[in-house]
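Everything below belongs to protein.cif, which stores mmCIF, C-alpha atoms.
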```
data_model
#
loop_
_atom_site.group_PDB
_atom_site.id
_atom_site.type_symbol
_atom_site.label_atom_id
_atom_site.label_comp_id
_atom_site.auth_asym_id
_atom_site.auth_seq_id
_atom_site.Cartn_x
_atom_site.Cartn_y
_atom_site.Cartn_z
ATOM 1 C CA MET A 4 -65.798 -61.421 70.753
ATOM 2 C CA ALA A 5 -66.158 -61.218 74.532
ATOM 3 C CA SER A 6 -62.468 -60.358 74.956
ATOM 4 C CA ILE A 7 -62.742 -57.500 72.428
ATOM 5 C CA LEU A 8 -65.772 -56.123 74.263
ATOM 6 C CA LEU A 9 -63.937 -56.405 77.578
ATOM 7 C CA LYS A 10 -60.890 -54.546 76.189
ATOM 8 C CA PHE A 11 -63.097 -51.835 74.700
ATOM 9 C CA THR A 12 -64.913 -51.352 78.033
ATOM 10 C CA ALA A 13 -61.600 -51.141 79.902
ATOM 11 C CA ILE A 14 -60.296 -48.494 77.479
ATOM 12 C CA LEU A 15 -63.476 -46.458 77.904
ATOM 13 C CA CYS A 16 -63.160 -46.681 81.685
ATOM 14 C CA PHE A 17 -59.718 -45.086 81.472
ATOM 15 C CA ILE A 18 -60.584 -42.429 78.875
ATOM 16 C CA PHE A 19 -63.956 -41.289 80.251
ATOM 17 C CA PRO A 20 -62.635 -39.588 83.444
ATOM 18 C CA PHE A 21 -60.123 -37.600 81.393
ATOM 19 C CA LEU A 22 -62.878 -36.406 79.074
ATOM 20 C CA LEU A 23 -64.939 -35.246 82.043
ATOM 21 C CA ILE A 24 -62.028 -33.371 83.592
ATOM 22 C CA SER A 25 -61.065 -31.639 80.353
ATOM 23 C CA SER A 26 -64.639 -30.529 79.602
ATOM 24 C CA SER A 27 -65.338 -29.110 83.059
ATOM 25 C CA THR A 28 -65.267 -25.330 83.405
ATOM 26 C CA SER A 29 -63.281 -23.211 85.799
ATOM 27 C CA THR A 30 -65.052 -22.229 88.999
ATOM 28 C CA ASN A 31 -62.951 -19.129 89.547
ATOM 29 C CA ALA A 32 -64.096 -15.761 88.273
ATOM 30 C CA ASN A 33 -61.697 -14.197 85.800
ATOM 31 C CA GLN A 34 -61.230 -10.461 85.564
ATOM 32 C CA ASN A 35 -60.079 -8.812 82.360
ATOM 33 C CA SER A 36 -60.217 -5.182 81.209
ATOM 34 C CA GLY A 37 -63.197 -4.082 83.263
ATOM 35 C CA PHE A 38 -65.392 -7.182 82.847
ATOM 36 C CA LEU A 39 -66.231 -9.782 85.461
ATOM 37 C CA TYR A 40 -66.624 -13.287 84.072
ATOM 38 C CA ASP A 41 -68.152 -16.329 85.699
ATOM 39 C CA ASP A 42 -68.090 -19.630 83.843
ATOM 40 C CA GLU A 43 -70.102 -21.413 86.533
ATOM 41 C CA SER A 44 -73.438 -19.607 86.108
ATOM 42 C CA GLU A 45 -76.025 -21.670 84.326
ATOM 43 C CA ASP A 46 -78.660 -18.999 83.819
ATOM 44 C CA ILE A 47 -76.684 -16.541 81.760
ATOM 45 C CA ASN A 48 -76.102 -15.851 78.110
ATOM 46 C CA ASP A 49 -72.623 -15.072 76.812
ATOM 47 C CA ASN A 50 -73.651 -11.586 75.692
ATOM 48 C CA GLU A 51 -75.773 -10.470 78.660
ATOM 49 C CA TYR A 52 -74.216 -7.969 81.042
ATOM 50 C CA TYR A 53 -75.239 -5.378 83.575
ATOM 51 C CA THR A 54 -73.630 -2.024 82.756
ATOM 52 C CA LEU A 55 -72.760 -0.368 86.057
ATOM 53 C CA ASP A 56 -73.866 3.241 86.550
ATOM 54 C CA SER A 57 -70.508 4.008 88.185
ATOM 55 C CA PRO A 58 -67.309 1.925 87.803
ATOM 56 C CA TYR A 59 -66.422 -0.451 90.631
ATOM 57 C CA SER A 60 -62.848 -0.781 91.778
ATOM 58 C CA SER A 61 -61.180 -2.426 94.736
ATOM 59 C CA LEU A 62 -57.782 -3.710 95.799
ATOM 60 C CA ARG A 63 -58.606 -7.043 94.123
ATOM 61 C CA THR A 64 -59.254 -5.606 90.662
ATOM 62 C CA LYS A 65 -56.541 -4.368 88.323
ATOM 63 C CA TYR A 66 -58.946 -2.247 86.239
ATOM 64 C CA PRO A 67 -62.226 -0.609 87.291
ATOM 65 C CA ILE A 68 -65.165 -2.891 86.500
ATOM 66 C CA THR A 69 -67.766 -1.277 84.243
ATOM 67 C CA LYS A 70 -69.799 -4.368 83.353
ATOM 68 C CA ILE A 71 -70.837 -7.473 85.287
ATOM 69 C CA ARG A 72 -72.032 -10.617 83.556
ATOM 70 C CA LYS A 73 -75.559 -11.582 84.592
ATOM 71 C CA GLY A 74 -75.390 -14.224 87.327
ATOM 72 C CA ALA A 75 -71.718 -13.550 88.116
ATOM 73 C CA SER A 76 -70.305 -15.061 91.304
ATOM 74 C CA CYS A 77 -70.112 -12.972 94.417
ATOM 75 C CA ASP A 78 -69.421 -13.559 98.068
ATOM 76 C CA ALA A 79 -71.087 -11.474 100.745
ATOM 77 C CA LYS A 80 -67.813 -11.290 102.703
ATOM 78 C CA SER A 81 -64.799 -10.988 100.411
ATOM 79 C CA ASN A 82 -65.927 -10.514 96.787
ATOM 80 C CA ASN A 83 -69.169 -8.578 97.131
ATOM 81 C CA ILE A 84 -69.130 -6.557 93.930
ATOM 82 C CA CYS A 85 -72.921 -6.356 93.792
ATOM 83 C CA ASP A 86 -74.049 -4.997 97.142
ATOM 84 C CA GLY A 87 -76.717 -2.471 96.209
ATOM 85 C CA VAL A 88 -74.981 -1.489 92.973
ATOM 86 C CA SER A 89 -77.079 0.476 90.492
ATOM 87 C CA ALA A 90 -76.835 -0.622 86.847
ATOM 88 C CA ASN A 91 -78.379 -0.054 83.414
ATOM 89 C CA ASN A 92 -79.158 3.629 84.053
ATOM 90 C CA GLY A 93 -81.002 2.929 87.292
ATOM 91 C CA THR A 94 -83.270 0.193 85.905
ATOM 92 C CA SER A 95 -81.348 -2.559 87.755
ATOM 93 C CA MET A 96 -80.240 -2.901 91.376
ATOM 94 C CA LEU A 97 -77.693 -5.664 91.975
ATOM 95 C CA TYR A 98 -77.433 -7.656 95.196
ATOM 96 C CA CYS A 99 -75.519 -10.792 96.080
ATOM 97 C CA CYS A 100 -78.188 -13.498 96.457
ATOM 98 C CA LYS A 101 -76.940 -17.033 97.138
ATOM 99 C CA LYS A 102 -73.464 -16.192 95.809
ATOM 100 C CA HIS A 103 -74.691 -14.729 92.488
ATOM 101 C CA CYS A 104 -75.377 -11.155 91.395
ATOM 102 C CA ARG A 105 -79.130 -10.691 90.950
ATOM 103 C CA ASN A 106 -81.220 -7.748 89.789
ATOM 104 C CA ILE A 107 -83.792 -7.401 92.567
ATOM 105 C CA LEU A 108 -85.871 -5.028 90.412
ATOM 106 C CA GLY A 109 -86.609 -7.699 87.803
ATOM 107 C CA ASP A 110 -85.698 -11.187 89.090
ATOM 108 C CA MET A 111 -88.800 -13.310 89.806
ATOM 109 C CA ASN A 112 -86.890 -15.367 92.395
ATOM 110 C CA ASN A 113 -85.397 -12.333 94.170
ATOM 111 C CA CYS A 114 -88.030 -9.613 93.763
ATOM 112 C CA GLY A 115 -87.286 -6.550 95.886
ATOM 113 C CA GLN A 116 -84.978 -8.594 98.113
ATOM 114 C CA CYS A 117 -83.079 -11.862 98.011
ATOM 115 C CA GLN A 118 -85.189 -15.047 98.068
ATOM 116 C CA LYS A 119 -88.560 -13.298 97.667
ATOM 117 C CA LYS A 120 -90.279 -15.322 94.936
ATOM 118 C CA CYS A 121 -93.181 -14.095 92.850
ATOM 119 C CA LYS A 122 -96.259 -16.317 92.612
ATOM 120 C CA PHE A 123 -97.591 -17.998 89.485
ATOM 121 C CA GLY A 124 -98.915 -15.401 87.027
ATOM 122 C CA GLN A 125 -96.735 -12.653 88.504
ATOM 123 C CA ARG A 126 -93.595 -10.901 87.295
ATOM 124 C CA CYS A 127 -91.136 -8.760 89.197
ATOM 125 C CA CYS A 128 -91.809 -5.199 88.014
ATOM 126 C CA GLY A 129 -89.567 -2.629 89.667
ATOM 127 C CA GLY A 130 -88.990 -4.836 92.709
ATOM 128 C CA VAL A 131 -92.702 -5.619 93.276
ATOM 129 C CA CYS A 132 -94.435 -8.893 92.388
ATOM 130 C CA THR A 133 -97.120 -7.806 89.929
ATOM 131 C CA ASP A 134 -100.038 -9.652 88.339
ATOM 132 C CA VAL A 135 -99.436 -9.669 84.569
ATOM 133 C CA VAL A 136 -102.407 -11.869 83.693
ATOM 134 C CA TYR A 137 -105.250 -9.407 84.412
ATOM 135 C CA ASN A 138 -103.532 -6.081 85.190
ATOM 136 C CA PRO A 139 -104.181 -3.545 82.358
ATOM 137 C CA LEU A 140 -101.060 -1.559 83.360
ATOM 138 C CA HIS A 141 -98.776 -4.629 83.163
ATOM 139 C CA CYS A 142 -100.542 -6.889 80.646
ATOM 140 C CA GLY A 143 -98.395 -9.931 79.820
ATOM 141 C CA LYS A 144 -95.187 -8.216 80.932
ATOM 142 C CA CYS A 145 -94.001 -5.272 82.994
ATOM 143 C CA ASN A 146 -95.060 -1.796 81.876
ATOM 144 C CA LYS A 147 -97.103 -3.010 78.891
ATOM 145 C CA ALA A 148 -100.300 -0.990 79.301
ATOM 146 C CA CYS A 149 -103.533 -1.684 77.448
ATOM 147 C CA LEU A 150 -105.372 1.167 75.755
ATOM 148 C CA PRO A 151 -107.877 2.977 78.014
ATOM 149 C CA GLY A 152 -111.028 0.884 78.489
ATOM 150 C CA VAL A 153 -109.451 -2.272 77.036
ATOM 151 C CA PRO A 154 -109.250 -5.096 79.616
ATOM 152 C CA CYS A 155 -106.266 -7.373 80.128
ATOM 153 C CA ASP A 156 -107.331 -11.016 79.886
ATOM 154 C CA PHE A 157 -104.837 -13.862 80.191
ATOM 155 C CA GLY A 158 -101.931 -11.470 79.530
ATOM 156 C CA TYR A 159 -103.391 -10.031 76.310
ATOM 157 C CA CYS A 160 -105.076 -6.675 75.809
ATOM 158 C CA GLY A 161 -108.665 -7.175 74.599
ATOM 159 C CA TYR A 162 -108.278 -10.953 74.329
ATOM 160 C CA ALA A 163 -112.024 -11.707 74.194
#
```

Kindly return the structure encoded in the file as structure tokens.
Amino acid sequence: MASILLKFTAILCFIFPFLLISSSTSTNANQNSGFLYDDESEDINDNEYYTLDSPYSSLRTKYPITKIRKGASCDAKSNNICDGVSANNGTSMLYCCKKHCRNILGDMNNCGQCQKKCKFGQRCCGGVCTDVVYNPLHCGKCNKACLPGVPCDFGYCGYA
């Protein structure tokens, strides 16, 4: 029994590294037909993109880029595709923060500028950290206004 267990453990020791290597994702950004992909970003959804207000093109891209995946890789020196780029009809402004494209008008960790974090109970509304717990103009989320005379309590209009 001990020899079978020893053989099984040895086989697993040889197979396990190959499984890890085959399941790892590529760290290079792939470009295809106007989209910028980044398999390394952990905070993105497969279907979430920023639609650029004007196409981006450079010597490195074969086709003009019209969409950038949220959290795509960037490099402030050589691959800076999101250096003050307007997206989503002016509702997003993309900057390269810690090697990832971030919307500084709505990112709580990069609000208004890279690495400016909003405090607890605040959201990034238009690049400004805003209280959404008691603010009747931004009650619970950005731009959700309560009716006139109705207070915002704990992020709900007229909670009491």

- request: Could you check which of A:Asn138, A:Ser6, A:Thr54, A:Asn146 is closest to A:Asn92, using only C-alpha atoms?
  value: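 With only C-alpha atoms as the atom set, the closest residue is A:Thr54.
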
task: Quote the spacing between atom CA of A:Met96 and atom CA of A:His141 in Å to one decimal place.
output: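 So the two atoms, atom CA of A:Met96 and atom CA of A:His141, lie 20.3 Å apart.
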
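You can rank A:Ile7, A:Cys121, A:Ala90, A:Cys127 by their closest distance to A:Ile107 using only C-alpha atoms, and at the top of that list sits A:Cys127.
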
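Here atom CA of A:His103 is placed at a distance of 4.6 Å from atom CA of A:Ser76.
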
query: Interatomic distance between atom CA of A:Gly87 and atom CA of A:Pro58?
result: 13.4 Å

query: Excluding same-chain residues fewer than 3 positions from A:Leu97, what lies within 8 Å of it counting all atoms listed in the file, as a count of residues only?
result: 10

- prompt: Quick one: residues within 12 Å of A:Asp156, all atoms listed in the file counted, chain neighbours fewer than 5 positions away excluded, as number ranges by chain?
  reply: A: 124, 134-143, 149, 161-163

Could you take the residues named above and write them with C-alpha atoms, as a JSON list (two decimals), in the coordinates of the input?
```json
[["chain", "number", "residue", "atom", "x", "y", "z"],
["A", 124, "GLY", "CA", -98.92, -15.40, 87.03],
["A", 134, "ASP", "CA", -100.04, -9.65, 88.34],
["A", 135, "VAL", "CA", -99.44, -9.67, 84.57],
["A", 136, "VAL", "CA", -102.41, -11.87, 83.69],
["A", 137, "TYR", "CA", -105.25, -9.41, 84.41],
["A", 138, "ASN", "CA", -103.53, -6.08, 85.19],
["A", 139, "PRO", "CA", -104.18, -3.54, 82.36],
["A", 140, "LEU", "CA", -101.06, -1.56, 83.36],
["A", 141, "HIS", "CA", -98.78, -4.63, 83.16],
["A", 142, "CYS", "CA", -100.54, -6.89, 80.65],
["A", 143, "GLY", "CA", -98.40, -9.93, 79.82],
["A", 149, "CYS", "CA", -103.53, -1.68, 77.45],
["A", 161, "GLY", "CA", -108.66, -7.18, 74.60],
["A", 162, "TYR", "CA", -108.28, -10.95, 74.33],
["A", 163, "ALA", "CA", -112.02, -11.71, 74.19]]
```

- prompt: Looking at only C-alpha atoms, which of A:Tyr98, A:Gly74, A:Lys147, A:Tyr159 is the one that sits closest to A:Cys117?
  reply: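 Of all the options, A:Tyr98 lies closest to A:Cys117.
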
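Between A:Asp110 and the candidates A:Pro67, A:Gly158, A:Pro151, A:Gly129, the tightest atom-to-atom separation, counting all atoms listed in the file, involves A:Gly129.
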
message: From the options A:Ser95, A:Thr133, A:Asn112, A:Gln125, which residue's atoms come nearest to A:Tyr53, counting all atoms listed in the file?
response: A:Ser95
